[in-house]
Amino acid sequence: MQTITQLTPAETYLLTQGSSVLLKDLLKYTFIDLLFKRVLNIMKPTNRYKTLSANNICIGSQFTTYSPRKHELAFLEIFNKSRDLNIMFYQLVKIAYQYANSKHKFVFKHLFNTPYISKSLEISPLKNLFFNIQLTEEGVLLKHTITSELNELEKNFPKLIRNNPQESKAILDKIKGNIFLLKNFDFELLKEIEPALKKPIEDIEDKDFDCFYFDSYNTFSTIFDNDFERAEAEENPVKKKPQSYRSTHRSSYHQRGSFWGSLWSSVWEGLWDSIWNSDGDGDWGDGGCGGCGGCG
């Protein structure tokens, strides 16, 4: 399991899933990995009925010593400006969405900045335009290695947790947030090694801070998804297709009534629809930053 220890969950997810990745999940895996690494922390709610969306996020104990990769700055850049900042969970998700801008930009501008990704993806204007992820020969080999390591973990890690909590804790320390990419993994099992993951109470500098509890992953995932979709809706109001422009470019070809006219019409229709009908990830255009008041 040497390879995935060198990758963030977002990188692992991209290499294994290719063009089918969702921006929502790229960001979610990045965020939960930063919580896991204690680079960020969720402040303990003062109100027992307070939802996660309303909880504040602050820097964690490892923030000052951590060297972030470019895609992780979606959640960390604002704290570089003010390390004393406490920001609402939902607002931080919104800021990360604005930073990412689109799946296309998040992958090719931010994730592509990392060595493993840059040497694994084939780049061409057409592939980038339609977010067609194709792997280089080196990328194919890397994907095979990663998939094998994940399959091995899915098969053996649950048994290891029950039989050797200390060894499983050591593995968890190495793979970090990649644990959340395991299929059908029962996060309840991590309760068995959770005491080894937590610092003694006397070692925690600020008693108002609390660590991330693994058994709440499903709740975390659902709330993150909801907050992401809310941020996406606020930043991207429904776009109307400029029918006049579209019809102007198609009319001359329709009038010809030829095979080539029909072919061009079909190609143009597909191209235009691919531009204006995104997959819900904000995958086209620069969208811009509507501003949530958090970036300063």
# chains A, B, ... in the order shown; residues from 1 in each chain; ligands from 1
$ select_by_dssp --residues "region 2-209 of chain A" --states "strand (DSSP E)" --output "list of chain:residue names"
A:Leu40, A:Asn41, A:Ile42, A:Met43, A:Asn56, A:Ile57, A:Cys58, A:Ile59, A:Ile87, A:Met88, A:Phe209
$ residues_around --residues "Glu232 (chain A)" --least-positions-apart "3" --cutoff "10 Å" --atoms "only C-alpha atoms" --output "ChimeraX atom specification"
/A:24,93-94,97-98,101,226-229,235-237,280-282
$ residues_around --residues "region 51-55 of chain A" --least-positions-apart "4" --cutoff "10 Å" --atoms "only C-alpha atoms" --output "list in words"
Ile42, Met43, Lys44, Pro45, Thr46, Asn47, Asn86, Ile87, Met88, Phe89, Tyr90, Gln91, Leu92, Val93, Thr219, Phe220, Ile223, Phe224, Asn226 and Asp227 of chain A
$ write_last_selection --atoms "N, CA and C atoms" --output "mmCIF file, in the first residue's frame"
data_model
loop_
_atom_site.group_PDB
_atom_site.id
_atom_site.type_symbol
_atom_site.label_atom_id
_atom_site.label_comp_id
_atom_site.auth_asym_id
_atom_site.auth_seq_id
_atom_site.Cartn_x
_atom_site.Cartn_y
_atom_site.Cartn_z
ATOM 1 N N ILE A 42 -13.484 20.832 13.380
ATOM 2 C CA ILE A 42 -14.856 21.259 13.612
ATOM 3 C C ILE A 42 -14.991 21.618 15.081
ATOM 4 N N MET A 43 -15.418 22.832 15.341
ATOM 5 C CA MET A 43 -15.583 23.252 16.725
ATOM 6 C C MET A 43 -16.787 22.552 17.341
ATOM 7 N N LYS A 44 -16.618 22.161 18.581
ATOM 8 C CA LYS A 44 -17.685 21.478 19.294
ATOM 9 C C LYS A 44 -18.893 22.403 19.430
ATOM 10 N N PRO A 45 -20.086 21.939 19.019
ATOM 11 C CA PRO A 45 -21.265 22.807 19.096
ATOM 12 C C PRO A 45 -21.639 23.132 20.537
ATOM 13 N N THR A 46 -22.057 24.364 20.753
ATOM 14 C CA THR A 46 -22.501 24.770 22.081
ATOM 15 C C THR A 46 -23.970 24.440 22.282
ATOM 16 N N ASN A 47 -24.672 24.230 21.184
ATOM 17 C CA ASN A 47 -26.082 23.883 21.238
ATOM 18 C C ASN A 47 -26.243 22.458 20.727
ATOM 19 N N ASN A 86 -12.919 31.687 12.545
ATOM 20 C CA ASN A 86 -13.891 30.607 12.709
ATOM 21 C C ASN A 86 -14.977 30.859 11.680
ATOM 22 N N ILE A 87 -15.172 29.916 10.796
ATOM 23 C CA ILE A 87 -16.119 30.139 9.710
ATOM 24 C C ILE A 87 -17.153 29.018 9.677
ATOM 25 N N MET A 88 -18.384 29.364 9.391
ATOM 26 C CA MET A 88 -19.460 28.389 9.358
ATOM 27 C C MET A 88 -19.193 27.335 8.285
ATOM 28 N N PHE A 89 -19.497 26.102 8.608
ATOM 29 C CA PHE A 89 -19.298 24.969 7.708
ATOM 30 C C PHE A 89 -19.841 25.270 6.310
ATOM 31 N N TYR A 90 -21.077 25.714 6.243
ATOM 32 C CA TYR A 90 -21.686 25.977 4.935
ATOM 33 C C TYR A 90 -20.929 27.058 4.179
ATOM 34 N N GLN A 91 -20.503 28.116 4.869
ATOM 35 C CA GLN A 91 -19.780 29.194 4.204
ATOM 36 C C GLN A 91 -18.449 28.707 3.637
ATOM 37 N N LEU A 92 -17.792 27.796 4.359
ATOM 38 C CA LEU A 92 -16.521 27.268 3.859
ATOM 39 C C LEU A 92 -16.744 26.386 2.629
ATOM 40 N N VAL A 93 -17.825 25.611 2.629
ATOM 41 C CA VAL A 93 -18.168 24.815 1.443
ATOM 42 C C VAL A 93 -18.411 25.737 0.252
ATOM 43 N N THR A 219 -23.653 11.008 7.933
ATOM 44 C CA THR A 219 -24.327 12.285 8.182
ATOM 45 C C THR A 219 -23.523 13.429 7.576
ATOM 46 N N PHE A 220 -22.217 13.389 7.784
ATOM 47 C CA PHE A 220 -21.335 14.417 7.210
ATOM 48 C C PHE A 220 -21.484 14.471 5.690
ATOM 49 N N ILE A 223 -24.853 16.028 4.592
ATOM 50 C CA ILE A 223 -24.907 17.468 4.835
ATOM 51 C C ILE A 223 -23.982 18.210 3.878
ATOM 52 N N PHE A 224 -22.794 17.657 3.625
ATOM 53 C CA PHE A 224 -21.883 18.292 2.665
ATOM 54 C C PHE A 224 -22.538 18.371 1.294
ATOM 55 N N ASN A 226 -25.696 18.444 0.544
ATOM 56 C CA ASN A 226 -26.776 19.436 0.563
ATOM 57 C C ASN A 226 -26.218 20.857 0.523
ATOM 58 N N ASP A 227 -25.158 21.096 1.283
ATOM 59 C CA ASP A 227 -24.572 22.436 1.317
ATOM 60 C C ASP A 227 -23.897 22.774 -0.012
#
$ closest_residue --among "A:Phe36, A:Ser148, A:His71, A:Ile117" --to "Gln134 (chain A)" --atoms "only C-alpha atoms"
A:Ile117
$ closest_residue --among "A:Lys191, A:Lys109, A:His104, A:Lys28" --to "Lys70 (chain A)" --atoms "only C-alpha atoms"
A:Lys109
$ select_by_dssp --residues "region 38-77 of chain A" --states "helix (DSSP H, G or I)" --output "number ranges by chain"
A: 52-54, 63-65, 70-77
$ write_last_selection --atoms "C-alpha atoms" --output "PDB file, in the first residue's frame"
ATOM      1  CA  LEU A  52     -23.242  20.537  11.159  1.00  0.00           C
ATOM      2  CA  SER A  53     -23.931  23.194   8.517  1.00  0.00           C
ATOM      3  CA  ALA A  54     -24.062  25.818  11.269  1.00  0.00           C
ATOM      4  CA  PHE A  63      -2.284  23.501  10.172  1.00  0.00           C
ATOM      5  CA  THR A  64       0.972  25.407  10.726  1.00  0.00           C
ATOM      6  CA  THR A  65       3.212  22.465   9.802  1.00  0.00           C
ATOM      7  CA  LYS A  70      -2.894  23.310  -4.651  1.00  0.00           C
ATOM      8  CA  HIS A  71      -6.348  21.717  -4.720  1.00  0.00           C
ATOM      9  CA  GLU A  72      -6.459  21.709  -0.902  1.00  0.00           C
ATOM     10  CA  LEU A  73      -6.233  25.493  -0.891  1.00  0.00           C
ATOM     11  CA  ALA A  74      -9.919  25.493  -1.771  1.00  0.00           C
ATOM     12  CA  PHE A  75     -10.484  25.052   1.971  1.00  0.00           C
ATOM     13  CA  LEU A  76      -7.221  26.415   3.387  1.00  0.00           C
ATOM     14  CA  GLU A  77      -6.512  29.671   1.561  1.00  0.00           C
TER      15      GLU A  77
END
$ closest_residue --among "A:Thr8, A:Thr145, A:Thr30, A:Gln2" --to "Pro115 (chain A)" --atoms "only C-alpha atoms"
A:Thr8
